[in-house]
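Below is one structure, written out as structure tokens; comments come after it.
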Amino acid sequence: MLWETFLLAQREIRRNVLRSSLTILGIVIGVAAVITMVTLGSGATAKVTADISNLGSNMLMLRPGQGFHGPGGARSSAPMFKTDDAEAIARDISGLAAVAPLSSKMTQTIYGSRNWSTSVIGTTDDFVKVRNWPLESGRLFTEGEMRAGKTVCVLGATVKKELFGGQDPLGISIRLRKLSCQVIGVLQPKGQTSFGTDQDDLVLIPMRAFQRRIAGNTDVKTIYVSAEDGISTEKVKKAIETLMRERRHIPIGDESNFHVRDMKEIMDTLTNSTRVLTALLAAIAAVSLLVGGIGIMNIMLVSVTERTREIGIRLAIGAREREVLMQFLVEAVVLSSFGGLAGIALGLAAAAAGAQALNVPFIFNIKIVLIAFLFSAAVGVIFGYFPARKAARLDPIEALRHE
């Protein structure tokens, strides 16, 4: 019985192909929009999470001032850190994997006839440990080079490409403005962050060389700290804050003139924001499903009016009300299901194209696909019930008299 009803529904849909196609258009758009928004939102969340993790594992950033104020990340009134502060953190706080002080300055790098403006960073070997940044070739600074402030450098992938192209730069000297610096290593490429920043556009040199030959002072703008696996970054953060308040002689009750940022907190905030935004966009897109449902109900009501005599004949020769109700209900569900399937195909194609355009991963979520399809079928049931009930309750005699 159900199969025969399904075949009748298909026959009626094929009889009015154009009208049926326009009827399900709202369902197609709604399902496609929901799948596209949720898939792209999941991809954006995954990219943000990966980018934050790419900055370093269990990483905390210590900077002067109460927050991020411009490229230097510090207030002019807040005193800078010194190398001794980083050494004190490494010495007095347990559970740390690495501590890397750093200062940076935009500097013109020159090799032969090529030049490139990049960020020159004075730091230690711990920088690559904190950032989980392995070398592509060469080596890092030796202990003697860091103590003596020798002018050796490690290049980021972008600087290597701009200055040397495909040439091997190891052992070659470049100029950082007027300072000659020998290349001893090249970092593996990390690419851009979600904010469009090129992580590979940098040159690393020993901190003492940077302070003496480029900055002309002993300031440390930022201290990166990496906690060991299994160690709570929240506890490490509190320990750093306590230690630095003591070293900077900040009285109890006064605000700190520095701040510590836990990258896990930033990652949680950003991922939660993208998830909320994704849910909001999906909810807006779902409104199209309701519009599509209203379209189905409207067309089914028209169909009941057009087929009044047919319904009367069926009732007159013995068809029961529930059979007529089932026929029209199945038609509505078939229409919405076809729309759901078409919407799924369109949504996945649009999500794949959008993911490529936005440079985010395409994450196929079978759960949201099933939910979207079931929701489209439910729309057919809900909005198809009233026209089906109207058809089933027609008086056979009045229906046969209908012109």
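Within each chain, counting starts at residue 1; across the structure tokens, chains are named A, B, ... in the order shown, with ligands numbered 1 upward in that order.
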Just the residues within 7 Å of Arg177 of chain A, please, counting only C-alpha atoms, with nothing from its chain fewer than 3 positions along; format it as a JSON list (two decimals) with C-alpha atoms, in the first residue's frame.
[["chain", "number", "residue", "atom", "x", "y", "z"],
["A", 107, "THR", "CA", 65.16, 45.96, 9.29],
["A", 108, "GLN", "CA", 66.28, 45.97, 5.66],
["A", 109, "THR", "CA", 68.08, 42.73, 4.77]]
Might you pull out every residue within 8 Å of segment 146-161 of chain A, with only C-alpha atoms counted and same-chain residues fewer than 6 positions away left off, and present them as an MDAnalysis selection string?
chainID A and resid 116 118 124 140 169 180:189 200:210 212
Store the residues of this selection in a file with N, CA and C atoms, as a PDB file, in the first residue's frame.
ATOM      1  N   TRP A 116      65.184  43.031   1.196  1.00  0.00           N
ATOM      2  CA  TRP A 116      63.860  42.674   1.710  1.00  0.00           C
ATOM      3  C   TRP A 116      63.710  43.214   3.133  1.00  0.00           C
ATOM      4  N   THR A 118      62.219  43.034   6.657  1.00  0.00           N
ATOM      5  CA  THR A 118      61.678  41.940   7.468  1.00  0.00           C
ATOM      6  C   THR A 118      61.868  42.236   8.951  1.00  0.00           C
ATOM      7  N   THR A 124      66.961  33.518  21.778  1.00  0.00           N
ATOM      8  CA  THR A 124      67.854  32.402  22.106  1.00  0.00           C
ATOM      9  C   THR A 124      67.374  31.154  21.377  1.00  0.00           C
ATOM     10  N   LEU A 140      71.253  25.760  14.897  1.00  0.00           N
ATOM     11  CA  LEU A 140      70.903  26.906  15.730  1.00  0.00           C
ATOM     12  C   LEU A 140      72.171  27.535  16.317  1.00  0.00           C
ATOM     13  N   PRO A 169      71.486  29.120   1.188  1.00  0.00           N
ATOM     14  CA  PRO A 169      72.091  30.293   1.825  1.00  0.00           C
ATOM     15  C   PRO A 169      73.108  29.959   2.921  1.00  0.00           C
ATOM     16  N   SER A 180      76.927  42.926   8.993  1.00  0.00           N
ATOM     17  CA  SER A 180      77.145  41.684   8.262  1.00  0.00           C
ATOM     18  C   SER A 180      76.813  40.495   9.174  1.00  0.00           C
ATOM     19  N   CYS A 181      76.077  39.531   8.611  1.00  0.00           N
ATOM     20  CA  CYS A 181      75.589  38.419   9.427  1.00  0.00           C
ATOM     21  C   CYS A 181      75.661  37.131   8.613  1.00  0.00           C
ATOM     22  N   GLN A 182      76.303  36.096   9.175  1.00  0.00           N
ATOM     23  CA  GLN A 182      76.448  34.827   8.460  1.00  0.00           C
ATOM     24  C   GLN A 182      75.227  33.941   8.692  1.00  0.00           C
ATOM     25  N   VAL A 183      74.673  33.369   7.625  1.00  0.00           N
ATOM     26  CA  VAL A 183      73.505  32.483   7.711  1.00  0.00           C
ATOM     27  C   VAL A 183      73.973  31.097   8.140  1.00  0.00           C
ATOM     28  N   ILE A 184      73.405  30.608   9.256  1.00  0.00           N
ATOM     29  CA  ILE A 184      73.784  29.275   9.748  1.00  0.00           C
ATOM     30  C   ILE A 184      72.614  28.286   9.719  1.00  0.00           C
ATOM     31  N   GLY A 185      71.408  28.769   9.442  1.00  0.00           N
ATOM     32  CA  GLY A 185      70.263  27.858   9.433  1.00  0.00           C
ATOM     33  C   GLY A 185      69.054  28.472   8.738  1.00  0.00           C
ATOM     34  N   VAL A 186      68.115  27.604   8.376  1.00  0.00           N
ATOM     35  CA  VAL A 186      66.851  28.016   7.757  1.00  0.00           C
ATOM     36  C   VAL A 186      65.720  27.276   8.451  1.00  0.00           C
ATOM     37  N   LEU A 187      64.680  28.012   8.844  1.00  0.00           N
ATOM     38  CA  LEU A 187      63.522  27.413   9.511  1.00  0.00           C
ATOM     39  C   LEU A 187      62.568  26.791   8.500  1.00  0.00           C
ATOM     40  N   GLN A 188      61.870  25.748   8.941  1.00  0.00           N
ATOM     41  CA  GLN A 188      60.832  25.169   8.097  1.00  0.00           C
ATOM     42  C   GLN A 188      59.690  26.162   7.925  1.00  0.00           C
ATOM     43  N   PRO A 189      59.051  26.191   6.749  1.00  0.00           N
ATOM     44  CA  PRO A 189      57.947  27.145   6.538  1.00  0.00           C
ATOM     45  C   PRO A 189      56.722  26.805   7.393  1.00  0.00           C
ATOM     46  N   ASP A 200      56.707  33.289   8.376  1.00  0.00           N
ATOM     47  CA  ASP A 200      58.052  32.968   7.878  1.00  0.00           C
ATOM     48  C   ASP A 200      58.869  34.201   7.513  1.00  0.00           C
ATOM     49  N   ASP A 201      58.284  35.370   7.681  1.00  0.00           N
ATOM     50  CA  ASP A 201      58.984  36.608   7.316  1.00  0.00           C
ATOM     51  C   ASP A 201      59.761  37.132   8.521  1.00  0.00           C
ATOM     52  N   LEU A 202      60.904  36.488   8.827  1.00  0.00           N
ATOM     53  CA  LEU A 202      61.696  36.876   9.989  1.00  0.00           C
ATOM     54  C   LEU A 202      63.124  36.378   9.862  1.00  0.00           C
ATOM     55  N   VAL A 203      64.002  37.000  10.654  1.00  0.00           N
ATOM     56  CA  VAL A 203      65.398  36.583  10.779  1.00  0.00           C
ATOM     57  C   VAL A 203      65.721  36.511  12.267  1.00  0.00           C
ATOM     58  N   LEU A 204      66.289  35.408  12.712  1.00  0.00           N
ATOM     59  CA  LEU A 204      66.675  35.244  14.115  1.00  0.00           C
ATOM     60  C   LEU A 204      68.170  35.480  14.267  1.00  0.00           C
ATOM     61  N   ILE A 205      68.531  36.285  15.295  1.00  0.00           N
ATOM     62  CA  ILE A 205      69.941  36.449  15.647  1.00  0.00           C
ATOM     63  C   ILE A 205      70.053  36.352  17.172  1.00  0.00           C
ATOM     64  N   PRO A 206      71.251  36.084  17.706  1.00  0.00           N
ATOM     65  CA  PRO A 206      71.399  36.011  19.163  1.00  0.00           C
ATOM     66  C   PRO A 206      70.971  37.310  19.844  1.00  0.00           C
ATOM     67  N   MET A 207      70.359  37.185  21.013  1.00  0.00           N
ATOM     68  CA  MET A 207      69.814  38.346  21.730  1.00  0.00           C
ATOM     69  C   MET A 207      70.883  39.408  21.983  1.00  0.00           C
ATOM     70  N   ARG A 208      72.064  39.008  22.419  1.00  0.00           N
ATOM     71  CA  ARG A 208      73.111  40.000  22.723  1.00  0.00           C
ATOM     72  C   ARG A 208      73.561  40.737  21.475  1.00  0.00           C
ATOM     73  N   ALA A 209      73.620  40.034  20.355  1.00  0.00           N
ATOM     74  CA  ALA A 209      73.991  40.698  19.097  1.00  0.00           C
ATOM     75  C   ALA A 209      72.932  41.717  18.712  1.00  0.00           C
ATOM     76  N   PHE A 210      71.675  41.377  18.900  1.00  0.00           N
ATOM     77  CA  PHE A 210      70.578  42.297  18.582  1.00  0.00           C
ATOM     78  C   PHE A 210      70.643  43.533  19.475  1.00  0.00           C
ATOM     79  N   ARG A 212      73.187  44.802  21.164  1.00  0.00           N
ATOM     80  CA  ARG A 212      74.384  45.630  20.983  1.00  0.00           C
ATOM     81  C   ARG A 212      74.435  46.296  19.613  1.00  0.00           C
TER      82      ARG A 212
END
Residue with the minimum atom-to-atom distance to Asp92 of chain A, picked from A:Asn298, A:Gln167, A:Asn359, A:Thr242 with only C-alpha atoms counted, is A:Thr242
With DSSP run on the backbone, what are the helix (DSSP H, G or I) residues within segment 165-304 of chain A? I'd like them as JSON, numbers by chain.
{"A": [207, 208, 209, 210, 211, 212, 213, 214, 215, 233, 234, 235, 236, 237, 238, 239, 240, 241, 242, 243, 244, 245, 246, 247, 263, 264, 265, 266, 267, 268, 269, 270, 271, 272, 273, 274, 275, 276, 277, 278, 279, 280, 281, 282, 283, 284, 285, 286, 287, 288, 289, 290, 291, 292, 293, 294, 295, 296, 297, 298, 299, 300, 301, 302, 303, 304]}
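We find atom CA of Met80 of chain A and atom CA of Met244 of chain A to be spaced 11.8 Å apart.
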